[in-house]
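What follows is a single structure, written as structure tokens, with notes after it.
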Amino acid sequence: MGLRPHDLVRLARPDALISHSQQPEWVAPSLGRAPYAVIRRVPLMPGMVPIGVRGEARSERFAAFVDDGNIAEIITPEQLAVQQAWNKRDRTHQIGALQSLPFIARLFADNALPWGPVGSVGFELASGLVTAKATSDLDVVVRVPEPLDWKIAAELYDELGKAPARVDVQLETPLGAIALAEYASPVRPLLLKTVHGPRLTADPWDASV
């Protein structure tokens, strides 16, 4: 199915979640408003999709699985960027994180880097629900299958400071995710988030390190 962490999925049967823990009361109403969930960074199992459900409060997050036949639609962060989905939101000018998107789009286009919004902004653009707040950061994922030149990373990080809102960028390598803020600094090792948990590495593209 080609699912990756941060992809959003629309569920055909939002009442058919699979979990070993008790489902919180807020989950059903949340999925009733918008049957969308995010793909989690965990090892994949045949026929099962690891998802995370978000509620209205920051503390409301629920990890579960669904049968892969329950996936009605896949929405990638890159799709939201290519479609410039923020142009369809009437309140873009009111929210700093949404206001930052055109600036970010130009910045990553100039550097030929595939990117997309995730977090509350990505969820709002995909689902249509109001989830981004005036205080929200803009969370962004950038796909970097090949090593990213350190000087380019440092320049990108400096440019992000000019955006209307704070921008948090995760670089997705074939091995996992690292923060652009960490990679752009001279400090090593780096914290790499993998499907098996976080680990330290000097090179997030080299599995032997």
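By order of appearance in the structure tokens: chains A, B, ..., then residues from 1 within every chain, and ligands from 1 in the order shown.
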Out of range 7-162 of chain A, which residues get alpha helix (DSSP H) from DSSP, as an mmCIF file with C-alpha atoms, in the first residue's frame?
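For reference, part.cif as written:
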data_model
loop_
_atom_site.group_PDB
_atom_site.id
_atom_site.type_symbol
_atom_site.label_atom_id
_atom_site.label_comp_id
_atom_site.auth_asym_id
_atom_site.auth_seq_id
_atom_site.Cartn_x
_atom_site.Cartn_y
_atom_site.Cartn_z
ATOM 1 C CA VAL A 27 -12.322 8.820 19.995
ATOM 2 C CA ALA A 28 -15.733 7.971 18.484
ATOM 3 C CA PRO A 29 -17.002 11.602 18.429
ATOM 4 C CA SER A 30 -13.674 12.737 16.947
ATOM 5 C CA LEU A 31 -13.833 10.199 14.125
ATOM 6 C CA GLY A 32 -17.495 11.057 13.669
ATOM 7 C CA ARG A 33 -16.524 14.653 12.887
ATOM 8 C CA PRO A 77 1.792 15.636 3.017
ATOM 9 C CA GLU A 78 3.279 16.124 -0.441
ATOM 10 C CA GLN A 79 -0.202 16.075 -1.996
ATOM 11 C CA LEU A 80 -1.314 18.902 0.279
ATOM 12 C CA ALA A 81 1.723 20.933 -0.774
ATOM 13 C CA VAL A 82 1.337 20.285 -4.503
ATOM 14 C CA GLY A 96 0.447 32.246 11.507
ATOM 15 C CA ALA A 97 1.148 28.587 10.698
ATOM 16 C CA LEU A 98 -1.180 28.732 7.681
ATOM 17 C CA GLN A 99 0.231 32.109 6.626
ATOM 18 C CA LEU A 101 2.823 27.941 3.932
ATOM 19 C CA PRO A 102 3.353 30.035 0.754
ATOM 20 C CA PHE A 103 6.753 31.143 2.086
ATOM 21 C CA ILE A 104 7.725 27.559 2.913
ATOM 22 C CA ALA A 105 6.495 26.350 -0.491
ATOM 23 C CA ARG A 106 8.780 28.790 -2.304
ATOM 24 C CA LEU A 107 11.738 27.957 -0.063
ATOM 25 C CA PHE A 108 11.583 24.212 -0.646
ATOM 26 C CA ALA A 109 10.743 24.607 -4.345
ATOM 27 C CA ASP A 110 13.897 26.702 -4.780
ATOM 28 C CA GLY A 119 0.538 18.003 12.447
ATOM 29 C CA SER A 120 -2.470 20.224 13.116
ATOM 30 C CA VAL A 121 -2.017 22.175 9.876
ATOM 31 C CA GLY A 122 -1.809 19.077 7.709
ATOM 32 C CA PHE A 123 -4.816 17.574 9.448
ATOM 33 C CA GLU A 124 -6.863 20.744 8.904
ATOM 34 C CA LEU A 125 -5.957 20.947 5.218
ATOM 35 C CA ALA A 126 -6.859 17.298 4.645
ATOM 36 C CA SER A 127 -9.999 17.017 6.766
ATOM 37 C CA TRP A 150 24.998 20.289 5.489
ATOM 38 C CA LYS A 151 25.457 23.843 4.162
ATOM 39 C CA ILE A 152 22.083 23.696 2.402
ATOM 40 C CA ALA A 153 20.465 22.415 5.607
ATOM 41 C CA ALA A 154 21.997 25.267 7.611
ATOM 42 C CA GLU A 155 20.819 27.842 5.059
ATOM 43 C CA LEU A 156 17.303 26.383 5.084
ATOM 44 C CA TYR A 157 17.186 26.482 8.865
ATOM 45 C CA ASP A 158 18.215 30.153 8.875
ATOM 46 C CA GLU A 159 15.598 31.040 6.253
ATOM 47 C CA LEU A 160 12.832 29.328 8.245
#
Discussion item. Excluding Pro189 in chain A and its own-chain neighbours fewer than 5 positions away, which residues fall within 6 Å of it when counting only C-alpha atoms? Please give them as a ChimeraX atom specification.
Written reply: /A:200-202
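Take the candidates A:Ile75, A:Val49, A:Ala85, A:Val195 and check each one against Arg10 in chain A using only C-alpha atoms; the shortest distance goes to A:Ile75.
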What are the closest atom pairs, with distances in Å to one decimal, for all residues of range 22-134 of chain A lying within 7 Å of range 12-15 of chain A? Consider only C-alpha atoms, order rows by chain and residue number, and present the result as JSON lines.
{"residue": "A:Leu31", "atom": "CA", "partner": "A:Pro14", "partner_atom": "CA", "distance": 6.2}
{"residue": "A:Pro35", "atom": "CA", "partner": "A:Pro14", "partner_atom": "CA", "distance": 5.9}
{"residue": "A:Asn70", "atom": "CA", "partner": "A:Ala12", "partner_atom": "CA", "distance": 5.2}
{"residue": "A:Ile71", "atom": "CA", "partner": "A:Ala12", "partner_atom": "CA", "distance": 6.0}
{"residue": "A:Ala72", "atom": "CA", "partner": "A:Ala12", "partner_atom": "CA", "distance": 5.1}
Include C-alpha atoms and write out the residues we just selected as a PDB file, in the first residue's frame.
ATOM      1  CA  LEU A  31     -13.833  10.199  14.125  1.00  0.00           C
ATOM      2  CA  PRO A  35     -12.836   9.935   9.902  1.00  0.00           C
ATOM      3  CA  ASN A  70     -10.540  -0.043   6.060  1.00  0.00           C
ATOM      4  CA  ILE A  71      -8.444   2.551   4.196  1.00  0.00           C
ATOM      5  CA  ALA A  72     -10.731   4.514   1.890  1.00  0.00           C
TER       6      ALA A  72
END
Item to complete: Quote the spacing between CA of Gln94 in chain A and CA of Leu138 in chain A in Å to one decimal place.
Response: 13.8 Å
Worksheet item: In Å, how far is it from CA of Gly176 in chain A to CA of Trp115 in chain A?
Response: 15.3 Å
Practice prompt. Could you please write out, as a list in words, every residue of range 22-117 of chain A that DSSP assigns to strand (DSSP E or B)?
Written response: Tyr36, Ala37, Val38, Ile39, Met45, Met48, Val49, Pro50, Ile51, Gly52, Val53, Arg54, Arg61, Phe62, Ala63, Ala64, Phe65, Val66, Asp67, Ile71, Ala72, Glu73, Ile74, Ile75, Trp115, Gly116 and Pro117 of chain A
Selection export as a compact mmCIF listing (two decimals), in the first residue's frame, atoms kept: C-alpha atoms:
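Writing done, so here's out-v8.txt:
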# COMPACT_ATOMS: atom_id res chain seq x y z
CA TYR A 36 -9.13 10.65 9.45
CA ALA A 37 -6.08 9.24 11.19
CA VAL A 38 -2.32 9.53 10.81
CA ILE A 39 0.11 6.71 10.08
CA MET A 45 2.37 -6.05 10.10
CA MET A 48 -2.67 -4.17 9.52
CA VAL A 49 -2.19 -0.40 9.43
CA PRO A 50 -0.86 1.48 12.51
CA ILE A 51 -2.81 4.69 13.00
CA GLY A 52 -3.06 7.53 15.47
CA VAL A 53 -6.35 9.29 16.20
CA ARG A 54 -6.30 12.91 17.35
CA ARG A 61 -4.10 11.00 21.10
CA PHE A 62 -4.97 7.32 20.66
CA ALA A 63 -2.83 4.64 19.02
CA ALA A 64 -4.61 1.79 17.26
CA PHE A 65 -4.59 -0.43 14.18
CA VAL A 66 -7.07 -0.92 11.36
CA ASP A 67 -7.43 -3.62 8.74
CA ILE A 71 -8.44 2.55 4.20
CA ALA A 72 -10.73 4.51 1.89
CA GLU A 73 -8.20 7.19 0.91
CA ILE A 74 -4.55 8.08 1.45
CA ILE A 75 -3.52 11.74 1.64
CA TRP A 115 7.84 18.52 1.37
CA GLY A 116 4.43 18.74 2.99
CA PRO A 117 2.63 20.06 6.07
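Within 12 Å of Ile95 in chain A, once only C-alpha atoms are used and residues closer than 5 positions along the same chain are dropped, the contacting residues are Trp86, Arg89, Asp90, Ser100, Leu101, Ser120, Val121, Glu124, Val130, Thr131, Ala132, Lys133, Ala134, Thr135, Ser136, Asp137, Leu138, Pro164, Ala165 and Arg166 of chain A.
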Please write the residues from the selection above to a file, keeping N, CA and C atoms, as a PDB file, in the first residue's frame.
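Listed below is the output, selection-v8.pdb:
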ATOM      1  N   TRP A  86      -3.873  25.191   1.204  1.00  0.00           N
ATOM      2  CA  TRP A  86      -4.118  26.352   2.067  1.00  0.00           C
ATOM      3  C   TRP A  86      -4.879  27.459   1.353  1.00  0.00           C
ATOM      4  N   ARG A  89      -8.595  27.630   2.265  1.00  0.00           N
ATOM      5  CA  ARG A  89      -9.006  27.920   3.635  1.00  0.00           C
ATOM      6  C   ARG A  89      -9.232  29.416   3.802  1.00  0.00           C
ATOM      7  N   ASP A  90     -10.444  29.785   4.242  1.00  0.00           N
ATOM      8  CA  ASP A  90     -10.782  31.197   4.410  1.00  0.00           C
ATOM      9  C   ASP A  90      -9.988  31.867   5.525  1.00  0.00           C
ATOM     10  N   SER A 100       2.307  30.889   6.886  1.00  0.00           N
ATOM     11  CA  SER A 100       3.694  30.534   6.567  1.00  0.00           C
ATOM     12  C   SER A 100       3.817  29.617   5.362  1.00  0.00           C
ATOM     13  N   LEU A 101       2.742  28.977   4.963  1.00  0.00           N
ATOM     14  CA  LEU A 101       2.823  27.941   3.932  1.00  0.00           C
ATOM     15  C   LEU A 101       3.311  28.444   2.569  1.00  0.00           C
ATOM     16  N   SER A 120      -1.136  19.618  13.118  1.00  0.00           N
ATOM     17  CA  SER A 120      -2.470  20.224  13.116  1.00  0.00           C
ATOM     18  C   SER A 120      -2.796  20.899  11.793  1.00  0.00           C
ATOM     19  N   VAL A 121      -1.785  21.497  11.158  1.00  0.00           N
ATOM     20  CA  VAL A 121      -2.017  22.175   9.876  1.00  0.00           C
ATOM     21  C   VAL A 121      -2.331  21.161   8.783  1.00  0.00           C
ATOM     22  N   GLU A 124      -5.823  19.793   9.295  1.00  0.00           N
ATOM     23  CA  GLU A 124      -6.863  20.744   8.904  1.00  0.00           C
ATOM     24  C   GLU A 124      -7.016  20.816   7.388  1.00  0.00           C
ATOM     25  N   VAL A 130     -11.280  22.648  11.691  1.00  0.00           N
ATOM     26  CA  VAL A 130     -10.431  23.692  12.251  1.00  0.00           C
ATOM     27  C   VAL A 130      -9.605  23.071  13.377  1.00  0.00           C
ATOM     28  N   THR A 131      -8.322  22.844  13.132  1.00  0.00           N
ATOM     29  CA  THR A 131      -7.454  22.250  14.153  1.00  0.00           C
ATOM     30  C   THR A 131      -6.224  23.102  14.457  1.00  0.00           C
ATOM     31  N   ALA A 132      -5.769  23.907  13.505  1.00  0.00           N
ATOM     32  CA  ALA A 132      -4.627  24.794  13.753  1.00  0.00           C
ATOM     33  C   ALA A 132      -5.093  26.007  14.555  1.00  0.00           C
ATOM     34  N   LYS A 133      -4.250  26.424  15.501  1.00  0.00           N
ATOM     35  CA  LYS A 133      -4.575  27.561  16.358  1.00  0.00           C
ATOM     36  C   LYS A 133      -3.593  28.705  16.111  1.00  0.00           C
ATOM     37  N   ALA A 134      -3.929  29.865  16.673  1.00  0.00           N
ATOM     38  CA  ALA A 134      -3.051  31.018  16.508  1.00  0.00           C
ATOM     39  C   ALA A 134      -1.669  30.751  17.089  1.00  0.00           C
ATOM     40  N   THR A 135      -1.596  29.862  18.075  1.00  0.00           N
ATOM     41  CA  THR A 135      -0.320  29.540  18.721  1.00  0.00           C
ATOM     42  C   THR A 135       0.378  28.323  18.097  1.00  0.00           C
ATOM     43  N   SER A 136      -0.226  27.730  17.089  1.00  0.00           N
ATOM     44  CA  SER A 136       0.321  26.500  16.511  1.00  0.00           C
ATOM     45  C   SER A 136       1.628  26.747  15.765  1.00  0.00           C
ATOM     46  N   ASP A 137       2.574  25.808  15.931  1.00  0.00           N
ATOM     47  CA  ASP A 137       3.747  25.774  15.064  1.00  0.00           C
ATOM     48  C   ASP A 137       3.330  25.164  13.732  1.00  0.00           C
ATOM     49  N   LEU A 138       4.141  25.390  12.713  1.00  0.00           N
ATOM     50  CA  LEU A 138       3.948  24.702  11.441  1.00  0.00           C
ATOM     51  C   LEU A 138       4.896  23.516  11.399  1.00  0.00           C
ATOM     52  N   PRO A 164       6.222  33.592   9.240  1.00  0.00           N
ATOM     53  CA  PRO A 164       5.335  34.214  10.238  1.00  0.00           C
ATOM     54  C   PRO A 164       5.168  33.397  11.511  1.00  0.00           C
ATOM     55  N   ALA A 165       5.343  32.091  11.434  1.00  0.00           N
ATOM     56  CA  ALA A 165       5.198  31.215  12.599  1.00  0.00           C
ATOM     57  C   ALA A 165       6.457  30.369  12.756  1.00  0.00           C
ATOM     58  N   ARG A 166       6.597  29.788  13.930  1.00  0.00           N
ATOM     59  CA  ARG A 166       7.716  28.857  14.142  1.00  0.00           C
ATOM     60  C   ARG A 166       7.499  27.624  13.280  1.00  0.00           C
TER      61      ARG A 166
END
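Between CA of Asp68 in chain A and CA of Gly47 in chain A lies a distance of 5.3 Å.
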Worksheet entry | Counting only C-alpha atoms, the residue of A:Val209, A:Leu113, A:Val169, A:Leu190 that sits nearest Val141 in chain A | A:Val169
